[in-house]
file model21.txt (compact mmCIF, C-alpha atoms)
# COMPACT_ATOMS: atom_id res chain seq x y z
CA HIS V 255 53.59 195.05 175.22
CA THR V 256 53.88 191.43 174.17
CA PHE V 257 50.40 190.68 175.55
CA VAL V 258 48.97 193.35 173.26
CA PHE V 259 51.02 191.99 170.35
CA SER V 260 49.70 188.49 171.08
CA LEU V 261 46.10 189.70 170.90
CA VAL V 262 46.79 191.61 167.69
CA ALA V 263 48.55 188.60 166.14
CA THR V 264 45.72 186.24 167.08
CA PHE V 265 43.08 188.55 165.64
CA GLY V 266 45.12 189.19 162.50
CA PHE V 267 45.65 185.51 161.78
CA PHE V 268 41.98 184.79 162.52
CA ILE V 269 40.76 187.19 159.83
CA LEU V 270 43.51 186.00 157.48
CA SER V 271 42.34 182.39 157.93
CA GLY V 272 38.95 183.53 156.68
CA GLU V 273 40.47 183.75 153.20
CA PHE V 274 41.34 180.04 153.41
CA SER V 275 38.34 178.63 155.26
CA LYS V 276 34.80 179.81 155.93
CA ASN V 277 34.34 177.63 158.98
CA PHE V 278 34.58 179.48 162.29
CA GLN V 279 36.00 176.48 164.17
CA SER V 280 38.78 175.92 161.65
CA ARG V 281 39.75 179.59 161.74
CA TRP V 282 39.80 179.59 165.52
CA PHE V 283 41.95 176.46 165.61
CA ALA V 284 44.40 177.96 163.09
CA SER V 285 44.69 181.13 165.20
CA LEU V 286 45.37 179.00 168.26
CA CYS V 287 48.14 177.14 166.43
CA PHE V 288 49.62 180.45 165.32
CA THR V 289 49.61 181.90 168.85
CA LEU V 290 51.03 178.76 170.48
CA ALA V 291 53.56 177.91 167.79
CA PRO V 292 56.89 177.28 169.57
CA ARG V 293 58.74 179.87 167.48
CA PHE V 294 56.25 182.64 168.26
CA LEU V 295 55.59 181.60 171.84
CA LEU V 296 59.18 182.38 172.77
CA LEU V 297 58.87 185.92 171.42
CA SER V 298 55.77 186.57 173.50
CA TYR V 299 57.85 186.14 176.67
CA TRP V 300 60.10 189.11 175.94
CA ASN V 301 59.41 192.41 177.66
CA LEU V 302 59.48 194.19 174.32
CA SER V 303 60.09 192.55 170.95
CA ILE V 304 60.04 194.58 167.75
CA ARG V 305 60.37 191.28 165.93
CA PHE V 306 57.12 190.07 167.47
CA ALA V 307 55.46 193.38 166.58
CA PHE V 308 56.37 192.76 162.94
CA ILE V 309 55.04 189.19 163.10
CA ALA V 310 51.78 190.46 164.64
CA MET V 311 51.28 193.02 161.85
CA LEU V 312 52.24 190.82 158.91
CA PRO V 313 48.93 188.84 158.73
CA PHE V 314 47.08 192.12 158.22
CA LEU V 315 49.26 192.94 155.22
CA VAL V 316 48.58 189.55 153.64
CA TRP V 317 44.86 189.84 154.41
CA ILE V 318 44.65 193.23 152.69
CA LEU V 319 46.37 191.85 149.59
CA LEU V 320 43.94 188.95 149.36
CA ARG V 321 40.94 191.12 150.15
CA ILE V 322 41.73 193.49 147.27
CA VAL V 323 41.01 190.75 144.71
CA ASN V 324 38.04 189.32 146.62
CA ARG V 325 35.02 189.81 144.35
CA LYS V 326 32.52 189.63 147.19
CA TYR V 327 34.22 191.76 149.84
CA GLY V 328 36.74 193.83 147.91
CA ARG V 329 34.18 196.55 147.19
CA HIS V 330 36.21 199.44 148.59
CA PRO V 331 39.54 199.30 146.75
CA LEU V 332 40.56 202.83 147.73
CA ARG V 333 40.26 202.01 151.44
CA LEU V 334 42.18 198.79 150.98
CA LEU V 335 44.91 200.53 148.98
CA PHE V 336 45.18 203.14 151.74
CA LEU V 337 45.54 200.44 154.40
CA LEU V 338 48.06 198.62 152.22
CA THR V 339 50.13 201.80 151.90
CA VAL V 340 50.02 202.33 155.66
CA PHE V 341 51.27 198.81 156.43
CA VAL V 342 53.95 198.95 153.73
CA LEU V 343 55.26 202.12 155.40
CA ILE V 344 54.97 200.86 158.98
CA LEU V 345 56.44 197.37 158.67
CA PRO V 346 59.93 198.45 157.42
CA SER V 347 60.22 200.68 160.49
CA LEU V 348 59.65 197.70 162.78
CA HIS V 349 62.15 195.11 161.54
CA ARG V 350 64.55 194.33 158.73
CA MET V 351 62.41 191.32 157.77
CA ALA V 352 60.31 193.87 155.90
CA LEU V 353 62.99 193.78 153.20
CA LEU V 354 61.28 190.58 152.06
CA ILE V 355 57.92 192.29 151.49
CA PRO V 356 58.68 192.54 147.72
CA GLY V 357 58.83 188.73 147.74
CA ILE V 358 55.36 188.63 149.34
CA ILE V 359 54.04 191.01 146.69
CA LEU V 360 55.64 188.83 144.00
CA ALA V 361 53.87 185.77 145.43
CA PHE V 362 50.62 187.73 145.33
CA ALA V 363 51.18 188.65 141.68
CA LEU V 364 51.88 185.02 140.81
CA SER V 365 48.73 183.91 142.60
CA ILE V 366 46.67 186.31 140.48
CA LEU V 367 48.13 184.80 137.30
CA PHE V 368 47.54 181.24 138.51
CA TYR V 369 43.97 181.99 139.55
CA TYR V 370 43.23 183.66 136.21
CA TRP V 371 44.59 180.60 134.44
CA GLN V 372 42.41 178.30 136.54
CA GLU V 373 39.19 180.28 136.06
CA ASN V 374 39.65 180.51 132.29
CA ALA V 375 40.54 176.86 131.78
CA THR V 376 38.13 174.38 130.25
CA ASN V 377 38.62 171.96 133.14
CA ARG V 378 39.16 174.10 136.24
CA GLU V 379 39.81 171.16 138.57
CA ARG V 380 42.54 169.80 136.34
CA ALA V 381 44.05 173.27 135.94
CA GLY V 382 44.20 173.63 139.74
CA ARG V 383 46.04 170.33 140.08
CA GLN V 384 48.44 171.31 137.30
CA ILE V 385 49.31 174.56 139.08
CA PHE V 386 49.75 172.68 142.36
CA THR V 387 52.18 170.26 140.70
CA PHE V 388 54.02 173.11 139.01
CA LEU V 389 54.55 174.95 142.30
CA ILE V 390 55.75 171.81 144.09
CA PHE V 391 58.34 171.05 141.42
CA SER V 392 59.32 174.73 141.29
CA SER V 393 59.99 174.71 145.03
CA PHE V 394 62.39 171.78 144.65
CA TYR V 395 64.10 173.50 141.73
CA ILE V 396 64.52 176.78 143.64
CA PHE V 397 65.76 174.88 146.69
CA THR V 398 68.36 173.15 144.51
CA LEU V 399 69.55 176.56 143.29
CA GLN V 400 70.08 177.86 146.81
CA TYR V 401 71.65 174.54 147.84
CA LYS V 402 74.20 175.04 145.06
CA GLY V 403 74.92 178.53 146.40
CA ILE V 404 73.01 180.43 143.69
CA THR V 405 71.24 182.68 146.16
CA VAL V 406 71.68 186.12 147.67
CA TYR V 407 71.09 184.93 151.23
CA ASN V 408 72.48 181.60 152.35
CA PRO V 409 74.44 182.15 155.59
CA SER V 410 73.43 179.23 157.76
CA SER V 411 73.31 176.06 155.69
CA ASP V 412 75.96 174.30 157.81
CA LEU V 413 74.15 175.00 161.08
CA PHE V 414 71.22 172.74 160.21
CA GLU V 415 73.42 169.64 160.27
CA VAL V 416 73.12 169.45 164.06
CA TYR V 417 69.44 168.48 163.95
CA LEU V 418 69.34 165.09 162.32
CA PHE V 419 71.86 164.15 159.63
CA SER V 420 75.34 165.31 158.76
CA GLY V 421 76.72 165.38 155.27
CA ASP V 422 76.72 167.40 152.09
CA GLY V 423 73.88 165.64 150.30
CA ILE V 424 70.75 167.48 149.28
CA ILE V 425 68.54 164.80 150.88
CA SER V 426 70.12 165.28 154.30
CA SER V 427 69.76 169.04 153.88
CA ILE V 428 66.05 168.69 153.16
CA LEU V 429 65.55 166.38 156.16
CA ASN V 430 67.43 168.73 158.47
CA LEU V 431 65.38 171.71 157.32
CA ALA V 432 62.16 169.72 157.70
CA THR V 433 63.13 168.75 161.25
CA TYR V 434 64.05 172.32 162.10
CA HIS V 435 60.73 173.73 160.92
CA LEU V 436 58.87 170.85 162.55
CA ILE V 437 60.36 171.93 165.87
CA ALA V 438 59.57 175.58 165.18
CA GLY V 439 55.97 175.02 164.12
CA SER V 440 55.03 171.99 166.28
CA PRO V 441 53.90 168.59 164.92
CA LEU V 442 50.62 170.17 163.79
CA ILE V 443 52.45 171.12 160.60
CA PHE V 444 51.15 167.76 159.38
CA VAL V 445 47.66 169.27 159.51
CA SER V 446 48.88 171.83 156.97
CA LEU V 447 50.09 168.98 154.77
CA LEU V 448 46.56 167.58 154.89
CA GLY V 449 45.40 170.97 153.67
CA LEU V 450 47.63 170.63 150.62
CA ILE V 451 46.23 167.13 150.02
CA PHE V 452 42.75 168.62 150.28
CA TRP V 453 43.76 171.12 147.57
CA PHE V 454 44.90 168.36 145.23
CA GLN V 455 41.68 166.47 145.90
CA GLU V 456 39.40 169.44 145.20
CA GLY V 457 41.34 170.83 142.25
CA ARG V 458 39.65 174.20 141.95
CA VAL V 459 40.62 176.43 144.88
CA PRO V 460 40.42 180.16 145.76
CA ILE V 461 43.26 182.58 145.10
CA SER V 462 44.44 182.42 148.72
CA PHE V 463 45.64 178.85 148.18
CA TYR V 464 47.78 179.94 145.26
CA PHE V 465 49.21 182.76 147.31
CA GLY V 466 50.09 180.47 150.22
CA LEU V 467 51.91 177.90 148.10
CA SER V 468 53.60 180.58 145.93
CA TYR V 469 54.76 182.23 149.15
CA LEU V 470 56.30 178.97 150.38
CA THR V 471 57.81 178.22 146.96
CA LEU V 472 59.62 181.56 146.82
CA SER V 473 60.72 181.12 150.44
CA THR V 474 62.82 178.10 149.50
CA TYR V 475 65.25 180.52 147.82
CA VAL V 476 66.35 181.78 151.27
CA ILE V 477 65.27 178.83 153.41
CA SER V 478 68.77 178.08 154.74
CA ASP V 479 68.76 181.14 156.99
CA HIS V 480 67.98 180.33 160.62
CA LEU V 481 67.68 183.85 162.07
CA TYR V 482 64.69 185.61 160.52
CA ILE V 483 63.47 183.58 157.55
CA PRO V 484 62.03 180.73 159.71
CA TYR V 485 59.51 183.18 161.21
CA LEU V 486 58.17 183.99 157.75
CA ILE V 487 58.21 180.35 156.63
CA THR V 488 56.32 179.27 159.75
CA ILE V 489 53.59 181.78 158.93
CA GLY V 490 53.35 180.39 155.40
CA ILE V 491 53.05 176.82 156.67
CA LEU V 492 50.39 177.71 159.24
CA LEU V 493 48.23 179.32 156.54
CA PHE V 494 46.99 175.86 155.57
CA ILE V 495 46.15 174.77 159.13
CA SER V 496 42.52 175.83 158.74
CA VAL V 497 42.27 173.94 155.44
CA GLY V 498 43.68 170.79 157.03
CA PHE V 499 41.25 171.05 159.92
CA ASP V 500 38.42 171.39 157.39
CA PHE V 501 39.51 167.99 156.10
CA PHE V 502 38.89 166.45 159.54
CA ARG V 503 35.67 168.37 160.03
CA ASP V 504 34.18 167.27 156.71
CA ASN V 505 34.94 163.61 157.42
CA LEU V 506 33.84 163.65 161.07
CA GLU V 507 30.92 166.04 160.83
CA VAL V 508 28.41 163.25 161.48
CA HIS V 509 30.47 162.12 164.51
CA PRO V 510 30.71 165.17 166.78
CA ARG V 511 32.23 163.20 169.66
CA ARG V 512 35.06 161.92 167.50
CA LEU V 513 35.66 165.45 166.23
CA THR V 514 35.80 166.73 169.80
CA ALA V 515 38.21 163.97 170.80
CA LEU V 516 40.40 164.76 167.79
CA PHE V 517 40.44 168.45 168.69
CA CYS V 518 41.46 167.67 172.29
CA PHE V 519 44.18 165.33 171.05
CA LEU V 520 45.62 167.94 168.66
CA LEU V 521 45.42 170.60 171.35
CA LEU V 522 47.27 168.33 173.79
CA ILE V 523 50.05 167.75 171.25
CA LEU V 524 50.35 171.47 170.59
CA LEU V 525 50.49 172.44 174.25
CA SER V 526 52.95 169.71 175.28
CA PHE V 527 55.33 170.36 172.39
CA SER V 528 55.19 174.14 172.79
CA ASN V 529 55.81 173.84 176.52
CA LEU V 530 58.78 171.54 175.95
CA PHE V 531 60.30 173.88 173.38
CA PHE V 532 59.69 176.92 175.58
CA VAL V 533 61.27 175.36 178.69
CA TYR V 534 64.24 174.14 176.66
CA GLN V 535 64.83 177.58 175.16
CA MET V 536 64.46 179.35 178.50
CA ASP V 537 66.95 177.02 180.16
CA SER V 538 69.49 177.58 177.42
CA LYS V 539 69.02 181.35 177.36
CA GLU V 540 69.70 181.59 181.08
CA LYS V 541 73.31 180.49 180.49
CA GLU V 542 74.61 184.03 180.41
CA ASP V 543 78.13 182.96 179.51
CA PHE V 544 76.84 182.03 176.07
CA TYR V 545 73.53 183.83 175.51
CA TYR V 546 71.68 187.02 176.34
CA THR V 547 69.24 186.44 179.15
CA MET V 548 65.56 187.17 178.63
CA ASN V 549 65.06 188.37 182.19
CA VAL V 550 66.15 191.94 181.48
CA SER V 551 65.10 194.49 184.07
CA SER V 552 63.68 197.92 183.30
CA THR V 553 66.85 199.54 184.69
CA SER V 554 68.90 197.82 181.99
CA PHE V 555 66.54 199.17 179.33
CA SER V 556 66.85 202.64 180.82
CA ALA V 557 70.64 202.40 180.96
CA SER V 558 70.72 201.25 177.34
CA SER V 559 68.62 204.19 176.21
CA TRP V 560 70.65 206.61 178.30
CA ALA V 561 73.93 205.20 176.94
CA ASP V 562 72.77 205.68 173.34
CA THR V 563 71.80 209.28 174.06
CA CYS V 564 74.59 210.49 176.35
CA LEU V 565 77.60 208.27 175.77
CA ILE V 566 79.40 208.82 172.49
CA ASP V 567 83.12 208.62 173.18
CA SER V 568 82.91 207.36 176.76
CA VAL V 569 82.95 203.97 178.45
CA PHE V 570 80.10 202.57 180.52
CA GLU V 571 81.45 200.56 183.45
CA SER V 572 79.31 198.29 185.64
CA ASN V 573 80.13 196.35 188.79
CA ASP V 574 77.81 193.58 187.59
CA VAL V 575 79.69 191.20 185.31
CA SER V 576 76.57 190.41 183.27
CA ARG V 577 75.04 193.88 183.22
CA ASP V 578 77.30 195.21 180.46
CA ARG V 579 76.16 192.42 178.16
CA ARG V 580 72.50 193.18 178.84
CA ILE V 581 73.00 196.87 178.16
CA ALA V 582 74.94 196.16 174.98
CA ALA V 583 72.15 193.89 173.75
CA TYR V 584 69.63 196.75 173.74
CA SER V 585 71.88 199.61 172.64
CA ASN V 586 74.31 200.47 169.88
CA HIS V 587 77.29 199.81 172.13
CA VAL V 588 79.49 196.73 172.22
CA SER V 589 80.44 194.82 175.34
CA LEU V 590 84.18 195.39 175.81
CA ARG V 591 84.57 192.07 177.57
CA ASP V 592 83.01 190.13 174.70
CA SER V 593 84.98 191.98 172.05
CA TYR V 594 88.20 191.33 173.97
CA TYR V 595 87.51 187.61 174.11
CA LEU V 596 86.90 187.48 170.39
CA SER V 597 89.89 189.59 169.38
CA SER V 598 92.30 187.77 171.68
CA GLY V 599 91.36 184.35 170.36
CA LEU V 600 89.92 183.10 173.65
CA VAL V 601 86.76 182.25 171.76
CA ASN V 602 87.63 180.08 168.78
CA ILE V 603 84.52 179.14 166.87
CA SER V 604 86.28 176.35 164.98
CA ASP V 605 87.16 174.61 168.26
CA MET V 606 83.64 174.73 169.66
CA GLU V 607 81.99 171.34 170.12
CA VAL V 608 78.40 170.86 169.09
CA GLU V 609 76.49 168.09 170.80
CA ARG V 610 74.07 166.28 168.51
CA ILE V 611 70.88 165.22 170.28
CA SER V 612 68.05 163.58 168.39
CA VAL V 613 64.59 165.06 168.61
CA VAL V 614 63.24 161.88 170.22
CA ASP V 615 65.84 161.97 173.00
CA MET V 616 65.24 165.66 173.59
CA TYR V 617 61.49 165.04 173.89
CA LEU V 618 61.61 161.90 176.05
CA ASN V 619 64.51 162.86 178.34
CA ALA V 620 63.46 166.44 179.04
CA SER V 621 63.51 167.18 182.74

call {"tool": "encode", "arguments": {"input": "model21.txt", "output": "structure tokens"}}
result
Amino acid sequence: HTFVFSLVATFGFFILSGEFSKNFQSRWFASLCFTLAPRFLLLSYWNLSIRFAFIAMLPFLVWILLRIVNRKYGRHPLRLLFLLTVFVLILPSLHRMALLIPGIILAFALSILFYYWQENATNRERAGRQIFTFLIFSSFYIFTLQYKGITVYNPSSDLFEVYLFSGDGIISSILNLATYHLIAGSPLIFVSLLGLIFWFQEGRVPISFYFGLSYLTLSTYVISDHLYIPYLITIGILLFISVGFDFFRDNLEVHPRRLTALFCFLLLILLSFSNLFFVYQMDSKEKEDFYYTMNVSSTSFSASSWADTCLIDSVFESNDVSRDRRIAAYSNHVSLRDSYYLSSGLVNISDMEVERISVVDMYLNAS
């Protein structure tokens, strides 16, 4: 299943990148970064991940929104509205992250307003830079609101302190979040930053640029969540990968060998960092005393499905000490052993020790 989802996700992000760049090489490179991003690469290892199915379908939703307002290709609005309705109905059935689809539609509405303002301005390049500056300052303002607790979803702000800095300052919070998303999206996030610089340099940009930055600006309102929101934020950051690669291609177009060497260098960074993150996550997930293992057999899936259907007021007992946890992870039941540990106070979260390891040490000392 995950292999099919990977193909669908790669194709979806490839056609979505066409709204940001017209160059085939840049779109292909952006799709490669999306497929091999450390956060998404881990999901592709699971036997079946509804979360990954949602991630694979989301680029199609964004592509349909941007294609509706495309003057050249949006010539069949009824077909696009039908596809939009289908995806809006399907995505909520896949994962609860679909509850944030109204935020995506709001970002799309804002991008239409910004693009209309740009196209009707006397100086379109200056208008584009003004909107860019406005969105950047708005993102810092919205982040300050959620940092102060004025948000509907802020459950994990303290957990980010383990990455780089500890403290209650807003600067340390920004640095910790930046480090966290750098790990999740690989160091090639800096290519996306070049895409934003390219925007400021050009001034006048298509509507997709306004959507991407509006999407990221609104995401700062819930950025302190570390469960589901990082998947959506990583997608928003990777939208500008193709634009950043266009920056390199335009400057090295007359030097094809240098462009090839740069591509190989970026690909090497992506593969090495993704492999390191993947191995680290797999090693930690195999500690079944603390995590759910990813090596779940088909019999555990079958037992989970059977337990949901047949066991209502009964108890499922297994002679395998770890099997009950695996079955509970994929059913509506609760592991009695885990619930006993929590209720009896044997697991005291306040007494748990968190080891702080810098990113450099984790990268250089990985076995």

call {"tool": "residues_around", "arguments": {"input": "model21.txt", "residues": "Ile385 in chain V", "least_positions_apart": "2", "cutoff": "9 Å", "atoms": "only C-alpha atoms", "output": "mmCIF file with C-alpha atoms, in the coordinates of the input"}}
result
data_model
loop_
_atom_site.group_PDB
_atom_site.id
_atom_site.type_symbol
_atom_site.label_atom_id
_atom_site.label_comp_id
_atom_site.auth_asym_id
_atom_site.auth_seq_id
_atom_site.Cartn_x
_atom_site.Cartn_y
_atom_site.Cartn_z
ATOM 1 C CA PHE V 368 47.540 181.240 138.510
ATOM 2 C CA TRP V 371 44.590 180.600 134.440
ATOM 3 C CA GLN V 372 42.410 178.300 136.540
ATOM 4 C CA ARG V 380 42.540 169.800 136.340
ATOM 5 C CA ALA V 381 44.050 173.270 135.940
ATOM 6 C CA GLY V 382 44.200 173.630 139.740
ATOM 7 C CA ARG V 383 46.040 170.330 140.080
ATOM 8 C CA THR V 387 52.180 170.260 140.700
ATOM 9 C CA PHE V 388 54.020 173.110 139.010
ATOM 10 C CA LEU V 389 54.550 174.950 142.300
ATOM 11 C CA ILE V 390 55.750 171.810 144.090
ATOM 12 C CA TYR V 464 47.780 179.940 145.260
#

call {"tool": "residues_around", "arguments": {"input": "model21.txt", "residues": "Ser473 in chain V", "least_positions_apart": "2", "cutoff": "9 Å", "atoms": "only C-alpha atoms", "output": "PyMOL selection string"}}
result
chain V and resi 357+393+396-397+468-471+475-477+483+486-487+490

call {"tool": "write_last_selection", "arguments": {"input": "model21.txt", "atoms": "C-alpha atoms", "output": "PDB file, keeping the file's coordinate frame"}}
result
ATOM      1  CA  GLY V 357      58.830 188.730 147.740  1.00  0.00           C
ATOM      2  CA  SER V 393      59.990 174.710 145.030  1.00  0.00           C
ATOM      3  CA  ILE V 396      64.520 176.780 143.640  1.00  0.00           C
ATOM      4  CA  PHE V 397      65.760 174.880 146.690  1.00  0.00           C
ATOM      5  CA  SER V 468      53.600 180.580 145.930  1.00  0.00           C
ATOM      6  CA  TYR V 469      54.760 182.230 149.150  1.00  0.00           C
ATOM      7  CA  LEU V 470      56.300 178.970 150.380  1.00  0.00           C
ATOM      8  CA  THR V 471      57.810 178.220 146.960  1.00  0.00           C
ATOM      9  CA  TYR V 475      65.250 180.520 147.820  1.00  0.00           C
ATOM     10  CA  VAL V 476      66.350 181.780 151.270  1.00  0.00           C
ATOM     11  CA  ILE V 477      65.270 178.830 153.410  1.00  0.00           C
ATOM     12  CA  ILE V 483      63.470 183.580 157.550  1.00  0.00           C
ATOM     13  CA  LEU V 486      58.170 183.990 157.750  1.00  0.00           C
ATOM     14  CA  ILE V 487      58.210 180.350 156.630  1.00  0.00           C
ATOM     15  CA  GLY V 490      53.350 180.390 155.400  1.00  0.00           C
TER      16      GLY V 490
END

call {"tool": "atom_distance", "arguments": {"input": "model21.txt", "atom1": "CA of Val497 in chain V", "atom2": "CA of Leu334 in chain V"}}
result
25.2 Å

call {"tool": "residues_around", "arguments": {"input": "model21.txt", "residues": "Thr264 in chain V", "least_positions_apart": "6", "cutoff": "8 Å", "atoms": "all atoms listed in the file", "output": "list of chain:residue names"}}
result
V:Ser285, V:Leu286, V:Phe288, V:Thr289, V:Ala310

call {"tool": "atom_distance", "arguments": {"input": "model21.txt", "atom1": "CA of Leu364 in chain V", "atom2": "CA of Phe502 in chain V"}}
result
29.4 Å

call {"tool": "closest_residue", "arguments": {"input": "model21.txt", "among": "V:Phe465, V:Phe341, V:Phe294, V:Phe336", "to": "Phe259 in chain V", "atoms": "all atoms listed in the file"}}
result
V:Phe294

call {"tool": "residues_around", "arguments": {"input": "model21.txt", "residues": "range 347-351 of chain V", "least_positions_apart": "4", "cutoff": "7 Å", "atoms": "all atoms listed in the file", "output": "ChimeraX atom specification"}}
result
/V:304-305,308,482

call {"tool": "write_last_selection", "arguments": {"input": "model21.txt", "atoms": "C-alpha atoms", "output": "PDB file, in the coordinates of the input"}}
result
ATOM      1  CA  ILE V 304      60.040 194.580 167.750  1.00  0.00           C
ATOM      2  CA  ARG V 305      60.370 191.280 165.930  1.00  0.00           C
ATOM      3  CA  PHE V 308      56.370 192.760 162.940  1.00  0.00           C
ATOM      4  CA  TYR V 482      64.690 185.610 160.520  1.00  0.00           C
TER       5      TYR V 482
END

call {"tool": "atom_distance", "arguments": {"input": "model21.txt", "atom1": "CA of Val459 in chain V", "atom2": "CA of Leu332 in chain V"}}
result
26.6 Å
